[in-house]
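K.L.:
Following this message is one structure expressed as structure tokens.
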Amino acid sequence: MTRIPRPLGVRSLEGIRAALQAPLLALGLLLALGLAGCVEFTLPTPSQPAIETPQVQTSEDLAREAEGFWTAGNFPLSELLYSRLLERDDLDAAGKAQALDRLAVSALKSRHYFQAKQALDRRAAADHGVLATWEWHDLYLKTLGALDRPDLLENHQAWLAAHTELPFPVRARATMEFSEIYARGGDGLRAVTLLAQAHRQAPDRAAKAALEADYAARLRDLPQTDVLVLVRAVGTSGANLFPHALIQREAVRRGLPLRPLSQTPPALASPLAAADRTNGPAPVLLAQAAKAMTSDQPAALLPAPAAAQSAGGPARIALALPLSGRFAATGQKVLRGAAAAQTELAIQGRVVEITAVNAEAADWRRQLAALPASVAVVGGPLMNPEALRALGADGALSRRATFAFLPSLGALQEGRQAWRFYPSSRDQVRALVNLTADAVGIRSVAVLAPRNAYGQHMAELFQAEAKAKGLRLASSEYYPPDHPRWLLASVSRLLKIPEGFRRNKNTPLPMPDFGAVFMPEDWGQAELLASNFHFFEGQHLLFLGTDLWSVGLDNAREVDDTYFQQAACPGAWWPETPGGRALQEVMNEQALGQADFWVALGYDFVRLAARLDIQPGWTPAQVNAALAAAQNLDYSMAPMNWDAQGLARQSLYLFTPRKDGKALVDPDALRQSVARAKERREKRLAYSRELQKTKKAGPSGSLTKDVQ
């Protein structure tokens with residue numbers, strides 16, 4: 001069966017988790033409310049299966065009723081009925097397609113944007129051909145805009161740029177839409193660059209002429225503020241180029257002033273100047289990516305930009321990335337970062353040539369093997385352990401120094417057969433243990449993990465790292481995954497809550513014998529777990545999570561940080577670090593869009609590979625020596641280093657949840673917060689003991705002290 005390439009990762013794991021997050025939180029709240037009084041704690045029992053309501057309408061009747069509301073423009077009711085119709089099993093392909101189309105439109109008009117996106121994703125998954133129509137993309141862009149998800153818009157733009165097999169009129173219209181989006185946001189340079197790329201990629205003169213005519217008509221309807229952004233981006237240069245000439249003509253028609261780029265602010269002038277002296281990195285990048293996806297051969301070596309041609313011999317690098325299929329947008333981001341690094345090195349006089357191999361192609365290993373021996377370094381595969389094992393079986397790892405974009409090399413020997421250029425699970429737990437022991441001063445920890453492969457693996461790593469650090473493992477508990485109703489019981493066992501516990505504000509629970517708890521879960525489950533800890537008076541504990549928390553916080557619209565005043569999770573990217581800001585400046589100068597972790601991965605890898613200067617005939621010992629010597633690279637992501645055996649370590653950032661997402665952990669503030677919370681808990685315990693003494697002493701005793 002052919003796998004359908006889906007834009008944006010249709011129905012991704014993150015999306016499923018986000019959709020489940022609200023009901024899971026509600027369940028946690030109900031459990032807490034049910035036990036808030038002085039009631040005996042008992043394990044919950046599974047609910048009875050729901051009784052299905054008999055269907056009173058045939059699918060034909062339901063379809064006719066839905067069509068009636070659709071025709072009348074009653075979109076809330078047509079949305080409801082088409083969603084019900086799609087639950088039936090007797091719809092044929094045509095009926096299902098129509099129902100999904102109308103559900104998407106109805107949901108969008110009813111302002112149910114997530115429902116609209118789901119319908120569009122399902123439509124594309126069911127019929128790849130719909131991706132070749134402008135109507136689908138038009139509705140998809142409107143939905144993403146209504147969702148206010150610039151990250152998804154960015155991914156869709158990259159997906160469209162990669163899929164050059166789509167009809168050019170569709171891609172051209174999408175480019176004009178994205179150009180308007182960027183102009184509206186003040187990014188005139190990117191708006192202009194996208195249009196110029198589309199013009200160069202047009203299949204013939206007729207297509208170029210149609211694009212020019214369509215854009216000229218759209219320019220007349222653009223708001224004045226957007227046109228001013230475009231005018232500042234092009235200045236008076238490129239009078240015979242598209243879209244410069246049309247923008248300048250529109251400026252004259254509106255009476256807007258034109259001034260040379262040299263008179264524009266540096267932030268507007270430098271990117272076009274950089275593109276001129278490097279022959280335009282972005283068009284070369286996208287053209288190569290498109291060729292890698294459609295050709296039986298790997299894309300030709302990306303030529304070094306003109307500014308670097310006078311330097312010494314080039315560094316030749318291959319990147320094995322997914323340039324088609326589900327993860328094409330991610331591969332494109334890595335490639336964008338690589339192109340940004342190539343241009344920066346060119347300005348410094350260092351020649352770098354990059355070969356892109358589409359790791360989704362059936363014969364990608366043959367393509368990689370056919371590269372000349374001078375291509376001595378490979379970056380990738382990206383998040384595909386099976387692909388790395390296949391390279392090992394082929395003997396390819398002995399011919400080229402391979403840096404896998406994976407958290408682990410599996411059975412392969414790191415530093416001898418391959419190398420790692422990606423944060424590992426051990427990097428994560430090491431950062432957490434160091435924070436707990438060194439910065440906060442906690443010496444006793446606990447683990448609460450799901451009983452699955454990921455949870456147990458992370459728990460074992462954490463325990464080993466804690467033991468090596470001299471920490472005491474006070475308690476551990478494993479629970480069945482995907483069963484939130486059992487989480488409260490698991491938390492109670494971890495805290496050693498007495499059987500038959502009755503909540504009473506005057507008799508607090510004893511202090512647990514640990515100060516931090518490691519929870520290798522996704523963000524949605526972590527919120528439930530933390531709320532259950534607070535139910536058992538665990539407000540003073542330090543909660544430790546994995547990078548799954550970090551990803552969840554990046555994608556969350558609003559975060560309830562009530563239960564996470566003392567919490568930390570690791571990650572390899574933060575845009576506000578000096579390295580992150582420097583990378584974004586580079587991306588702005590080259591009109592390559594927004595930086596993120598994947599962009600940083602490609603950018604940092606190409607700069608590292610150029611510095612290593614690995615040549616044909618290399619040995620693992622030579623690579624390890626070069627890596628050990630390359631310790632002062634200015635990374636845009638969390639810095640990496642290698643020991644003499646070629647084992648990588650990444651010094652990950654640590655984040656804490658905040659209402660608007662996350663922030664870098666302030667170790668001093670975290671230590672003080674933990675100390676204050678623990679002090680409040682101890683005061684409450686002391687007050688309870690005094691109260692009990694007073695009760696035993698009889699009515700003559702009195703106690704008026706109030707402990708918060």
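Lettering and numbering for the structure tokens are positional, with chains as A, B, ... in the shown order, residues counted from 1 in each chain, and ligands counted from 1 in the shown order.
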Between range 560-642 of chain A and range 377-392 of chain A, at 9 Å or less, what are the per-residue closest atom pairs and their distances in Å? Count only C-alpha atoms, order by chain and rising residue number, and return it as CSV.
P.N.:
```
residue,atom,partner,partner_atom,distance
A:Gly602,CA,A:Gly379,CA,8.6
A:Phe605,CA,A:Gly379,CA,7.5
A:Val606,CA,A:Gly379,CA,8.5
A:Ala609,CA,A:Val377,CA,7.3
A:Asp613,CA,A:Val377,CA,8.9
A:Ile614,CA,A:Val377,CA,6.9
A:Gln615,CA,A:Val377,CA,8.4
```
K.L.:
Which residues are close to range 654-656 of chain A, i.e. within 7 Å by only C-alpha atoms, leaving aside same-chain residues fewer than 4 positions away? Reply as a list in words.
P.N.:
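Final neighbour list, sorted by chain and number: Ala567, Ala568, Cys569, Pro570, Gly571, Lys662, Ala663, Leu664 and Val665 of chain A.
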K.L.:
Go ahead and save the residues from that selection, with N, CA and C atoms, as a compact mmCIF listing (two decimals), in the first residue's frame.
P.N.:
```txt
# COMPACT_ATOMS: atom_id res chain seq x y z
N ALA A 567 9.20 22.70 39.14
CA ALA A 567 9.23 21.66 38.11
C ALA A 567 10.31 21.98 37.10
N ALA A 568 10.80 20.94 36.43
CA ALA A 568 11.84 21.11 35.42
C ALA A 568 11.73 20.01 34.38
N CYS A 569 12.01 20.35 33.14
CA CYS A 569 12.08 19.37 32.05
C CYS A 569 13.16 19.83 31.08
N PRO A 570 13.84 18.89 30.39
CA PRO A 570 14.97 19.25 29.53
C PRO A 570 14.55 19.52 28.09
N GLY A 571 15.42 20.20 27.37
CA GLY A 571 15.22 20.44 25.94
C GLY A 571 16.50 20.98 25.33
N LYS A 662 6.67 28.01 28.55
CA LYS A 662 7.75 27.58 29.43
C LYS A 662 8.80 28.67 29.49
N ALA A 663 9.67 28.57 30.49
CA ALA A 663 10.78 29.51 30.66
C ALA A 663 11.98 28.73 31.15
N LEU A 664 13.16 29.29 30.96
CA LEU A 664 14.36 28.66 31.47
C LEU A 664 14.32 28.61 32.99
N VAL A 665 14.79 27.51 33.54
CA VAL A 665 14.84 27.36 35.00
C VAL A 665 15.87 28.33 35.58
```
K.L.:
CA of Leu141 in chain A and CA of Ala213 in chain A, how far apart in Å?
P.N.:
22.3 Å
K.L.:
Taking 6 positions as the minimum chain separation for residues in the same chain, which residues sit within 9 Å of Met587 in chain A when counting only C-alpha atoms? Answer as a PyMOL selection string.
P.N.:
chain A and resi 271+336-337+340+593-595
K.L.:
Nearest residue to Leu435 in chain A out of A:Lys469, A:Arg64, A:Arg316, A:Arg218, using only C-alpha atoms?
P.N.:
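Smallest separation from Leu435 in chain A among the options: A:Lys469.
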K.L.:
Among range 480-580 of chain A, which ones does DSSP place in alpha helix (DSSP H), written as a PyMOL selection string?
P.N.:
chain A and resi 487-494+523-535+547-555+578-580
K.L.:
List the spatial neighbours of Leu139 in chain A as a PyMOL selection string - criterion: any atom at most 9 Å away, only C-alpha atoms, same-chain residues fewer than 3 positions off excluded.
P.N.:
chain A and resi 104-105+108+116+120+134-136+142-144
K.L.:
Counting only C-alpha atoms, figure out which residue out of A:Ala582, A:Ala233, A:Ala626, A:Leu432 gets nearest to Glu344 in chain A.
P.N.:
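Ranking A:Ala582, A:Ala233, A:Ala626, A:Leu432 by distance to Glu344 in chain A, first place goes to A:Ala582.
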K.L.:
What does the structure give for the distance between CA of Arg190 in chain A and CA of Val252 in chain A, in Å to one decimal?
P.N.:
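Straight-line distance from CA of Arg190 in chain A to CA of Val252 in chain A works out to 22.0 Å.
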K.L.:
Between CA of Arg472 in chain A and CA of Gln539 in chain A, what is the distance, to one decimal in Å?
P.N.:
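Those two atoms sit 20.5 Å apart.
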